[in-house]
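> As input, take input-v1.cif (mmCIF, C-alpha atoms):
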```cif
data_query
#
loop_
_atom_site.label_atom_id
_atom_site.label_comp_id
_atom_site.auth_asym_id
_atom_site.auth_seq_id
_atom_site.Cartn_x
_atom_site.Cartn_y
_atom_site.Cartn_z
CA GLY A 220 -77.38 -105.65 -58.77
CA ARG A 221 -79.57 -108.61 -59.89
CA SER A 222 -81.55 -106.33 -62.20
CA GLY A 223 -78.37 -105.30 -63.96
CA VAL A 224 -76.57 -101.98 -63.55
CA LEU A 225 -74.75 -100.76 -66.62
CA LEU A 226 -72.66 -98.01 -65.00
CA LEU A 227 -71.99 -96.95 -61.41
CA LEU A 228 -70.66 -93.45 -60.75
CA SER A 229 -69.60 -93.20 -57.13
CA ASP A 230 -68.23 -90.50 -54.78
CA SER A 231 -64.49 -90.90 -54.21
CA THR A 232 -63.78 -88.24 -51.57
CA ASN A 233 -62.85 -90.71 -48.82
CA ALA A 234 -61.53 -93.52 -51.02
CA ASP A 235 -58.16 -93.18 -49.28
CA VAL A 236 -59.69 -93.49 -45.78
CA ARG A 237 -59.67 -97.02 -44.42
CA GLY A 238 -62.55 -98.64 -42.57
CA PHE A 239 -66.00 -97.16 -42.02
CA THR A 240 -67.10 -93.55 -41.57
CA LYS A 241 -68.23 -92.83 -38.02
CA PRO A 242 -72.02 -92.62 -37.53
CA GLU A 243 -73.83 -89.33 -36.96
CA ARG A 244 -75.03 -90.35 -33.50
CA THR A 245 -71.48 -89.87 -32.15
CA VAL A 246 -71.79 -86.16 -32.96
CA GLY A 247 -75.10 -85.98 -31.11
CA ARG A 248 -73.53 -87.36 -27.94
CA GLN A 249 -70.61 -84.93 -28.15
CA LEU A 250 -72.88 -81.94 -28.70
CA ASP A 251 -74.86 -82.97 -25.62
CA SER A 252 -71.67 -83.03 -23.52
CA ILE A 253 -70.57 -79.59 -24.75
CA PHE A 254 -74.00 -78.05 -24.09
CA ALA A 255 -74.03 -79.50 -20.57
CA LEU A 256 -70.74 -77.81 -19.65
CA ALA A 257 -71.06 -74.48 -21.48
CA GLU A 258 -71.90 -71.54 -19.22
CA GLY A 259 -72.28 -68.85 -21.88
CA ARG A 260 -73.74 -68.63 -25.35
CA ILE A 261 -73.21 -71.51 -27.79
CA ILE A 262 -72.73 -70.73 -31.47
CA VAL A 263 -72.79 -73.66 -33.88
CA ALA A 264 -71.62 -73.26 -37.47
CA SER A 265 -72.41 -75.99 -39.97
CA PHE A 266 -73.33 -76.56 -43.59
CA ALA A 267 -76.79 -75.11 -44.25
CA SER A 268 -77.56 -78.21 -46.34
CA HIS A 269 -76.85 -80.62 -43.46
CA ILE A 270 -80.44 -81.04 -42.28
CA HIS A 271 -79.64 -83.88 -39.88
CA ARG A 272 -77.00 -81.76 -38.12
CA ILE A 273 -79.47 -78.89 -37.85
CA GLN A 274 -81.96 -81.28 -36.25
CA GLN A 275 -79.30 -82.45 -33.77
CA VAL A 276 -78.54 -78.86 -32.74
CA MET A 277 -82.24 -78.05 -32.32
CA ASP A 278 -82.90 -81.15 -30.21
CA THR A 279 -79.83 -80.56 -28.04
CA ALA A 280 -80.69 -76.90 -27.46
CA ALA A 281 -84.25 -77.85 -26.46
CA ARG A 282 -83.04 -80.53 -24.02
CA HIS A 283 -80.80 -77.99 -22.27
CA GLY A 284 -83.40 -75.27 -22.06
CA ARG A 285 -81.79 -72.97 -24.61
CA SER A 286 -83.50 -70.84 -27.23
CA LEU A 287 -82.19 -70.99 -30.79
CA ALA A 288 -81.56 -68.11 -33.19
CA ILE A 289 -80.89 -68.99 -36.82
CA ILE A 290 -78.49 -66.66 -38.63
CA GLY A 291 -77.34 -66.68 -42.24
CA ARG A 292 -79.52 -66.40 -45.34
CA SER A 293 -78.98 -69.95 -46.61
CA MET A 294 -79.45 -71.43 -43.12
CA VAL A 295 -82.76 -69.59 -42.63
CA LYS A 296 -83.92 -70.61 -46.11
CA ASN A 297 -83.04 -74.29 -45.70
CA VAL A 298 -84.60 -74.52 -42.23
CA ASN A 299 -87.86 -73.08 -43.59
CA ILE A 300 -87.93 -75.43 -46.59
CA ALA A 301 -87.04 -78.53 -44.56
CA SER A 302 -89.65 -77.67 -41.92
CA ASN A 303 -92.37 -77.13 -44.50
CA LEU A 304 -91.55 -80.45 -46.20
CA GLY A 305 -91.53 -82.36 -42.92
CA TYR A 306 -87.82 -83.19 -42.92
CA LEU A 307 -87.14 -81.05 -39.86
CA THR A 308 -89.04 -81.06 -36.56
CA VAL A 309 -88.77 -77.77 -34.69
CA PRO A 310 -89.59 -78.01 -30.95
CA ASP A 311 -92.30 -75.58 -29.81
CA GLY A 312 -91.02 -72.25 -28.52
CA LEU A 313 -87.42 -72.99 -29.52
CA ILE A 314 -86.85 -70.38 -32.24
CA VAL A 315 -86.18 -66.75 -31.39
CA THR A 316 -85.12 -63.87 -33.64
CA PRO A 317 -81.52 -62.59 -33.68
CA HIS A 318 -82.79 -59.37 -32.08
CA ASP A 319 -84.03 -61.35 -29.03
CA LEU A 320 -80.47 -62.43 -28.21
CA ALA A 321 -79.68 -59.12 -26.53
CA VAL A 322 -82.29 -59.66 -23.81
CA LEU A 323 -81.83 -63.39 -23.17
CA PRO A 324 -79.40 -64.76 -20.54
CA PRO A 325 -76.22 -66.09 -22.24
CA ASP A 326 -76.68 -69.56 -20.73
CA ARG A 327 -80.09 -69.80 -22.41
CA VAL A 328 -78.91 -68.93 -25.93
CA THR A 329 -77.84 -71.02 -28.92
CA VAL A 330 -77.03 -69.59 -32.34
CA LEU A 331 -77.09 -71.74 -35.47
CA SER A 332 -75.00 -70.06 -38.14
CA THR A 333 -73.51 -70.35 -41.60
CA GLY A 334 -69.78 -69.86 -42.12
CA SER A 335 -68.21 -73.23 -41.31
CA GLN A 336 -65.95 -72.80 -44.38
CA GLY A 337 -64.73 -69.31 -43.45
CA GLU A 338 -66.60 -67.63 -46.32
CA PRO A 339 -65.72 -63.90 -46.05
CA LEU A 340 -69.34 -62.66 -46.07
CA SER A 341 -70.81 -65.51 -44.01
CA ALA A 342 -72.44 -64.92 -40.63
CA LEU A 343 -69.66 -66.55 -38.58
CA ALA A 344 -66.87 -64.69 -40.41
CA ARG A 345 -68.66 -61.40 -39.81
CA MET A 346 -69.10 -62.25 -36.11
CA ALA A 347 -65.38 -63.05 -35.89
CA ALA A 348 -64.55 -59.72 -37.55
CA ARG A 349 -66.93 -57.85 -35.19
CA ASP A 350 -69.00 -56.83 -38.19
CA HIS A 351 -72.29 -58.66 -37.54
CA PRO A 352 -75.35 -56.55 -36.71
CA SER A 353 -76.87 -59.03 -34.22
CA VAL A 354 -74.06 -61.06 -32.64
CA GLU A 355 -70.77 -59.81 -31.23
CA ILE A 356 -68.40 -62.50 -29.99
CA GLN A 357 -67.56 -62.06 -26.32
CA LYS A 358 -65.62 -63.81 -23.61
CA GLY A 359 -67.47 -66.90 -22.41
CA ASP A 360 -68.95 -67.81 -25.78
CA THR A 361 -68.46 -71.36 -27.06
CA VAL A 362 -68.19 -71.65 -30.84
CA ILE A 363 -68.57 -75.10 -32.40
CA ILE A 364 -67.50 -75.49 -36.03
CA SER A 365 -69.27 -78.69 -37.02
CA ALA A 366 -67.62 -79.24 -40.40
CA ARG A 367 -64.30 -80.16 -41.92
CA PRO A 368 -62.62 -77.57 -44.14
CA VAL A 369 -63.16 -78.30 -47.80
CA PRO A 370 -59.76 -78.54 -49.55
CA GLY A 371 -58.74 -75.02 -50.50
CA ASN A 372 -60.67 -73.35 -47.65
CA GLU A 373 -58.14 -74.03 -44.89
CA THR A 374 -56.71 -70.50 -44.85
CA SER A 375 -60.15 -68.87 -44.57
CA VAL A 376 -61.27 -71.27 -41.86
CA ASN A 377 -58.07 -70.78 -39.83
CA ARG A 378 -58.38 -66.99 -40.13
CA THR A 379 -61.93 -67.14 -38.75
CA ILE A 380 -60.88 -69.44 -35.89
CA ASP A 381 -57.99 -67.14 -34.91
CA ARG A 382 -60.30 -64.13 -34.84
CA LEU A 383 -62.80 -66.00 -32.68
CA PHE A 384 -60.08 -66.90 -30.17
CA ALA A 385 -58.83 -63.29 -30.20
CA SER A 386 -62.36 -62.16 -29.31
CA GLY A 387 -62.36 -64.35 -26.19
CA ALA A 388 -64.40 -67.32 -27.42
CA ARG A 389 -63.69 -70.97 -26.78
CA VAL A 390 -63.59 -72.62 -30.21
CA ILE A 391 -64.19 -76.33 -30.77
CA TYR A 392 -63.27 -77.24 -34.30
CA GLU A 393 -60.96 -80.24 -34.67
CA ALA A 394 -62.35 -83.50 -36.01
CA SER A 395 -60.85 -85.15 -32.93
CA ALA A 396 -63.28 -83.11 -30.81
CA GLY A 397 -66.11 -85.28 -32.16
CA VAL A 398 -68.30 -82.43 -33.45
CA HIS A 399 -68.25 -83.57 -37.06
CA VAL A 400 -68.13 -86.80 -39.00
CA SER A 401 -67.63 -87.09 -42.71
CA GLY A 402 -70.61 -87.43 -45.02
CA HIS A 403 -68.51 -89.42 -47.48
CA ALA A 404 -68.14 -93.19 -47.55
CA ALA A 405 -64.81 -94.73 -46.55
CA THR A 406 -63.20 -97.76 -48.20
CA GLU A 407 -65.27 -100.52 -46.58
CA GLU A 408 -68.54 -98.76 -47.39
CA LEU A 409 -67.43 -98.21 -50.98
CA LYS A 410 -66.69 -101.93 -51.25
CA VAL A 411 -70.16 -102.76 -49.92
CA MET A 412 -71.75 -100.52 -52.55
CA LEU A 413 -69.68 -102.06 -55.34
CA ASN A 414 -70.61 -105.59 -54.24
CA LEU A 415 -74.30 -104.75 -53.87
CA VAL A 416 -74.66 -102.93 -57.18
CA ARG A 417 -72.25 -105.12 -59.20
CA PRO A 418 -72.07 -102.73 -62.16
CA LYS A 419 -70.87 -103.76 -65.60
CA TYR A 420 -68.86 -100.51 -65.86
CA PHE A 421 -67.54 -98.25 -63.15
CA MET A 422 -66.42 -94.60 -63.07
CA PRO A 423 -65.13 -92.97 -59.86
CA ILE A 424 -66.19 -89.33 -59.51
CA HIS A 425 -66.06 -86.41 -57.03
CA GLY A 426 -62.53 -86.23 -55.73
CA GLU A 427 -58.98 -85.29 -56.55
CA HIS A 428 -56.99 -87.57 -58.84
CA ARG A 429 -55.58 -89.64 -55.97
CA HIS A 430 -59.10 -90.29 -54.65
CA LEU A 431 -60.27 -91.46 -58.08
CA TYR A 432 -57.20 -93.71 -58.31
CA PHE A 433 -57.84 -95.44 -54.98
CA HIS A 434 -61.54 -95.86 -55.77
CA ALA A 435 -60.69 -97.41 -59.15
CA GLU A 436 -58.36 -99.84 -57.35
CA LEU A 437 -61.19 -100.84 -55.01
CA ALA A 438 -63.41 -101.54 -58.01
CA ARG A 439 -60.77 -103.78 -59.60
CA ASP A 440 -60.33 -105.59 -56.26
CA THR A 441 -64.05 -106.43 -56.24
CA GLY A 442 -63.77 -108.10 -59.65
CA ILE A 443 -64.58 -105.37 -62.17
CA PRO A 444 -62.28 -105.84 -65.21
CA ASP A 445 -59.62 -103.20 -65.71
CA ASP A 446 -60.99 -102.21 -69.13
CA HIS A 447 -64.43 -101.64 -67.55
CA VAL A 448 -63.10 -99.02 -65.10
CA PHE A 449 -62.92 -95.46 -66.43
CA MET A 450 -61.01 -92.60 -64.83
CA LEU A 451 -61.99 -89.52 -66.83
CA GLU A 452 -60.88 -85.90 -66.78
CA ASN A 453 -63.43 -83.08 -66.64
CA GLY A 454 -65.02 -82.65 -70.04
CA GLN A 455 -64.30 -86.16 -71.36
CA VAL A 456 -67.35 -87.98 -72.74
CA LEU A 457 -68.11 -91.59 -71.88
CA GLU A 458 -70.33 -93.17 -74.53
CA LEU A 459 -72.44 -96.11 -73.35
CA THR A 460 -74.43 -98.81 -75.12
CA PRO A 461 -75.75 -102.07 -73.63
CA ASP A 462 -72.71 -103.83 -75.06
CA ARG A 463 -69.82 -101.40 -74.73
CA ALA A 464 -68.46 -98.26 -73.09
CA GLU A 465 -65.74 -96.03 -74.48
CA VAL A 466 -64.34 -92.53 -74.21
CA ALA A 467 -65.74 -90.57 -77.14
CA GLY A 468 -64.57 -87.00 -77.45
CA GLN A 469 -64.34 -83.96 -75.27
CA VAL A 470 -66.66 -81.08 -74.41
CA GLN A 471 -65.67 -77.70 -73.02
CA ALA A 472 -65.52 -77.77 -69.22
CA GLY A 473 -63.97 -75.68 -66.50
CA MET A 474 -64.60 -72.50 -64.59
CA ILE A 475 -67.47 -70.23 -65.58
CA LEU A 476 -66.48 -66.65 -64.80
CA VAL A 477 -69.09 -64.02 -63.95
CA ASP A 478 -68.34 -60.33 -64.49
CA GLY A 479 -71.35 -58.08 -64.05
CA PHE A 480 -73.89 -59.18 -66.63
CA ALA A 481 -71.28 -61.08 -68.64
CA MET A 482 -70.70 -64.77 -68.04
CA GLY A 483 -68.50 -67.34 -69.71
CA ASP A 484 -64.91 -68.08 -70.58
CA PHE A 485 -63.17 -64.70 -70.64
CA HIS A 486 -60.14 -64.06 -72.79
CA ASP A 487 -56.82 -64.57 -71.01
CA LEU A 488 -55.88 -60.96 -71.77
CA ILE A 489 -58.70 -59.68 -69.55
CA LEU A 490 -57.57 -61.79 -66.61
CA ARG A 491 -53.93 -60.86 -67.17
CA ASP A 492 -54.76 -57.15 -67.20
CA ARG A 493 -56.70 -57.42 -63.95
CA ARG A 494 -53.93 -59.33 -62.23
CA HIS A 495 -51.46 -56.72 -63.47
CA MET A 496 -53.51 -53.83 -62.07
CA ALA A 497 -54.12 -55.66 -58.80
CA SER A 498 -50.43 -56.37 -58.35
CA ASP A 499 -48.75 -53.18 -59.56
CA GLY A 500 -51.45 -50.53 -59.92
CA LEU A 501 -52.47 -48.28 -62.78
CA VAL A 502 -51.04 -45.06 -64.23
CA MET A 503 -52.99 -42.99 -66.74
CA VAL A 504 -51.32 -40.13 -68.59
CA VAL A 505 -53.29 -37.71 -70.77
CA VAL A 506 -51.31 -35.58 -73.27
CA VAL A 507 -52.67 -32.89 -75.57
CA ARG A 508 -50.48 -32.62 -78.69
CA SER A 509 -50.50 -30.14 -81.56
CA ALA A 510 -51.44 -31.68 -84.90
CA GLN A 511 -49.37 -29.03 -86.72
CA ASP A 512 -45.95 -29.27 -85.10
CA GLY A 513 -46.25 -32.22 -82.67
CA LYS A 514 -45.54 -30.07 -79.59
CA VAL A 515 -47.22 -30.76 -76.25
CA VAL A 516 -49.99 -28.29 -75.47
CA GLY A 517 -50.28 -27.46 -71.77
CA GLU A 518 -49.26 -29.81 -68.95
CA PRO A 519 -49.82 -33.60 -69.25
CA GLU A 520 -52.18 -35.07 -66.63
CA VAL A 521 -50.81 -38.08 -64.72
CA VAL A 522 -53.14 -40.12 -62.49
CA PHE A 523 -51.90 -42.89 -60.16
CA ARG A 524 -54.20 -45.62 -58.79
CA GLY A 525 -53.08 -48.42 -56.49
CA LEU A 526 -49.37 -47.59 -56.71
CA ALA A 527 -47.47 -47.69 -53.43
CA HIS A 528 -44.41 -45.47 -53.23
CA SER A 529 -42.04 -44.74 -50.35
CA GLY A 530 -41.92 -41.03 -51.24
CA GLU A 531 -44.59 -38.48 -52.14
CA LEU A 532 -46.83 -39.38 -55.07
CA ASP A 533 -47.11 -35.68 -55.94
CA GLU A 534 -43.36 -35.57 -56.54
CA LEU A 535 -43.48 -38.79 -58.57
CA SER A 536 -46.34 -37.35 -60.62
CA GLU A 537 -44.40 -34.15 -61.34
CA GLN A 538 -41.31 -36.11 -62.39
CA SER A 539 -43.47 -38.24 -64.69
CA ARG A 540 -44.98 -35.13 -66.30
CA ARG A 541 -41.55 -33.65 -66.96
CA LEU A 542 -40.34 -36.92 -68.44
CA VAL A 543 -43.31 -37.11 -70.82
CA VAL A 544 -42.82 -33.51 -71.97
CA GLU A 545 -39.08 -34.02 -72.52
CA THR A 546 -39.68 -37.27 -74.42
CA LEU A 547 -42.25 -35.77 -76.80
CA ALA A 548 -40.17 -32.61 -77.29
CA SER A 549 -37.26 -34.55 -78.78
CA GLU A 550 -36.57 -33.97 -82.49
CA ASP A 551 -37.41 -37.53 -83.54
CA MET A 552 -40.77 -37.53 -81.69
CA LEU A 553 -41.81 -34.15 -83.12
CA GLN A 554 -41.66 -35.74 -86.56
CA VAL A 555 -43.87 -38.71 -85.63
CA THR A 556 -47.45 -38.45 -86.87
CA ASP A 557 -48.63 -41.94 -85.95
CA LEU A 558 -50.40 -41.61 -82.59
CA GLY A 559 -49.91 -45.33 -81.95
CA LEU A 560 -46.14 -44.85 -81.98
CA VAL A 561 -46.47 -41.82 -79.69
CA LYS A 562 -48.48 -43.88 -77.18
CA THR A 563 -45.94 -46.69 -77.30
CA ARG A 564 -43.06 -44.30 -76.65
CA VAL A 565 -44.83 -42.65 -73.68
CA HIS A 566 -45.73 -46.09 -72.28
CA ASP A 567 -42.18 -47.40 -72.50
CA VAL A 568 -40.38 -44.41 -70.96
CA LEU A 569 -42.89 -44.09 -68.11
CA GLN A 570 -42.85 -47.80 -67.26
CA LYS A 571 -39.04 -47.84 -67.24
CA PHE A 572 -38.97 -44.72 -65.03
CA LEU A 573 -41.55 -46.07 -62.55
CA ARG A 574 -39.75 -49.40 -62.38
CA LYS A 575 -36.59 -47.56 -61.32
CA GLU A 576 -38.24 -45.08 -58.92
CA ALA A 577 -41.02 -47.16 -57.36
CA GLY A 578 -39.80 -50.70 -57.92
CA ARG A 579 -43.08 -51.61 -59.65
CA ARG A 580 -44.32 -52.09 -63.19
CA PRO A 581 -47.82 -50.56 -63.16
CA MET A 582 -50.13 -50.73 -66.13
CA VAL A 583 -49.50 -47.50 -68.07
CA LEU A 584 -52.37 -46.18 -70.20
CA PRO A 585 -51.36 -43.21 -72.38
CA VAL A 586 -54.14 -41.09 -73.90
CA ILE A 587 -52.94 -38.78 -76.70
CA VAL A 588 -55.32 -36.05 -77.89
CA GLU A 589 -54.44 -34.08 -81.03
CA VAL A 590 -55.70 -30.52 -81.46
#
```
Take the structure in this file and express it as structure tokens.

Amino acid sequence: GRSGVLLLLSDSTNADVRGFTKPERTVGRQLDSIFALAEGRIIVASFASHIHRIQQVMDTAARHGRSLAIIGRSMVKNVNIASNLGYLTVPDGLIVTPHDLAVLPPDRVTVLSTGSQGEPLSALARMAARDHPSVEIQKGDTVIISARPVPGNETSVNRTIDRLFASGARVIYEASAGVHVSGHAATEELKVMLNLVRPKYFMPIHGEHRHLYFHAELARDTGIPDDHVFMLENGQVLELTPDRAEVAGQVQAGMILVDGFAMGDFHDLILRDRRHMASDGLVMVVVVRSAQDGKVVGEPEVVFRGLAHSGELDELSEQSRRLVVETLASEDMLQVTDLGLVKTRVHDVLQKFLRKEAGRRPMVLPVIVEV
């Protein structure tokens, strides 16, 4: 702080947690206790980016005479990079391939896996769903989830935990079990940072609004003037000079959607259509119509996709065909030459009919071909 810090941007995730964050060594001691008591395989799921945790698992497995298989693309990649850069020390003879697990005694096996956040395609989620090619959860396994669910991931994590229990595993996952400590600073550590850095301006970042609020309060408590503390929304621009700081404009910010090769901010209509189809299904009706007299030529084709119905879909399809033919055979429709109006009429009568018969409002796509 003596050199002068113009602006401090600081993580706010644990700004509402009093005291100090527990040290990592407490996790190491707890892992050692679990390994000492476990009689079967031990599967540890953690963040692939948590190199220190990976080192703790490796060291604990080596002390207890267990081999270690690393599963999950990001976990394998990060272990290789960290080892090559010297940030990770791998004990000699520790690592085995996932294929070796089948021939090793269960009490000599440890698996280090991705999936601590319940990601559907992660290694742990696939194990829990009995869909992993190398590891099938069995009775006697101990699964340690060494992470706290990121807000929004609770449902996925709980689903994975339930499936692991249903497969016969013992699952250790609560923070109270001592297998994870937060990587985010609590209030006392945030105060220490503010007092050491002594910034002229301060902006809390990385957290929900309540976390930013509490962090801003801590900054004011340490003596930073209220007008030097900035709580910004995503996209707001903070303009800085040696003498002043002020909010200056807005840039576009938010979710970037990826759809095949397309990427960006998609039109709301696209998202609305997809939600509509996902919720209520899709009905396509193809009608061949005479250009001379407006009469329907042949039988309309009606295709249902994703529409649940208590009765037979064949019967519903036949009723829909008859309705379309009757609608277009009426005197007023025979006089209509605008195909757009014909499509609208078919759309409206079919959607009303399906709402009554199936209790849904599927997306109806009429295709009118004139011959």
> Decode the PyMOL selection byres ((chain A and resi 388-392) around 8) for the given file into explicit residues and return them as an MDAnalysis selection string.
chainID A and resid 356:366 380 383:387 393:394 396 398
> Could you check the closest approach to A:Leu526 for each of A:Ser498, A:Thr379, A:Ser265, A:Ser539 and tell me which residue wins, using all atoms listed in the file?
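Selected residue with least distance to A:Leu526: A:Ser498.
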> Select, from A:Thr329, A:Gln274, A:Thr441, A:Asn453, the residue with the minimum atom-to-atom distance to A:Val315, counting only C-alpha atoms.
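Checking each candidate against A:Val315, we get A:Thr329 as the closest.
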> Closest to A:Ser536 among A:Glu355, A:Glu576, A:Asp445, A:Asp551, using only C-alpha atoms?
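Going through A:Glu355, A:Glu576, A:Asp445, A:Asp551 one by one, the smallest distance to A:Ser536 is for A:Glu576.
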> Stretch 338-353 of chain A: which residues within 12 Å, counting all atoms listed in the file, same-chain residues fewer than 6 positions away excluded, as a PyMOL selection string?
chain A and resi 262-267+288-295+316-322+330-332+360+362-364+368-369+371-388+390
> Could you tell me how far atom CA of A:Val448 lies from atom CA of A:Pro423, in Å and to one decimal?
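Interatomic distance here is 8.3 Å.
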> Where does stretch 309-357 of chain A meet stretch 234-254 of chain A within 12 Å, residue by residue, with the nearest atom pair and distance in Å to one decimal for each, counting all atoms listed in the file, listed by chain and rising number, as JSON lines?

```
{"residue": "A:Asp326", "atom": "CA", "partner": "A:Phe254", "partner_atom": "CA", "distance": 9.5}
{"residue": "A:Arg327", "atom": "CA", "partner": "A:Phe254", "partner_atom": "CA", "distance": 10.4}
{"residue": "A:Val328", "atom": "CA", "partner": "A:Phe254", "partner_atom": "CA", "distance": 10.5}
{"residue": "A:Thr329", "atom": "CA", "partner": "A:Phe254", "partner_atom": "CA", "distance": 9.4}
```
> With the file shown as input, list the residues that the PyMOL selection byres ((chain A and resi 556-571) around 8) selects, as a list in words.
Gly513, Ser539, Leu542, Val543, Thr546, Leu547, Met552, Gln554, Val555, Phe572, Leu573, Arg574, Lys575, Arg580, Pro581, Met582, Val583, Leu584, Pro585, Val586 and Ile587 of chain A
> Please indicate the distance in Å from atom CA of A:Val276 to atom CA of A:Thr232, rounded to one decimal place.
25.7 Å
> In Å to one decimal, how far is atom CA of A:Val416 from atom CA of A:Tyr306?
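Here the two named atoms are 27.7 Å from each other.
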> Could you write out as a ChimeraX atom specification the residues that the PyMOL selection byres ((chain A and resi 467-471) around 8) matches in the shown file?
/A:454-458,465-466,472-473
> Hey, what's within 6 Å of A:Asn233 if we count all atoms listed in the file and toss same-chain stuff fewer than 4 positions away? As a compact mmCIF listing (two decimals) with C-alpha atoms, in the coordinates of the input, please?

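Below is the file that was written, selection-v9.txt:
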```txt
# COMPACT_ATOMS: atom_id res chain seq x y z
CA HIS A 403 -68.51 -89.42 -47.48
CA ALA A 404 -68.14 -93.19 -47.55
CA ALA A 405 -64.81 -94.73 -46.55
```
> Which residues are near A:Pro325? Cut-off 8 Å, all atoms listed in the file, ignore same chain within fewer than 4 positions. Put them as number ranges by chain.
A: 258-260
> Just C-alpha atoms for this one: save the residues we selected as a PDB file, keeping the file's coordinate frame.

```pdb
ATOM      1  CA  GLU A 258     -71.900 -71.540 -19.220  1.00  0.00           C
ATOM      2  CA  GLY A 259     -72.280 -68.850 -21.880  1.00  0.00           C
ATOM      3  CA  ARG A 260     -73.740 -68.630 -25.350  1.00  0.00           C
TER       4      ARG A 260
END
```
> Just the residues within 9 Å of A:Ser229, please, counting all atoms listed in the file, with nothing from its chain fewer than 3 positions along; format it as a count of residues only.
8
> So which one's closest to A:Ile443, A:Arg417, A:Arg463, A:Arg508, A:His428? Using only C-alpha atoms, please.
A:Arg417
> Select, from A:Leu226, A:Val590, A:Leu476, A:Ile270, the residue with the minimum atom-to-atom distance to A:Val515, counting only C-alpha atoms.
A:Val590
> Which residue, A:Glu520, A:Arg541, A:Asp499, A:Gly426, has the smallest gap to A:Gly578 when you use all atoms listed in the file?
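Among the listed residues, the smallest separation from A:Gly578 belongs to A:Asp499.
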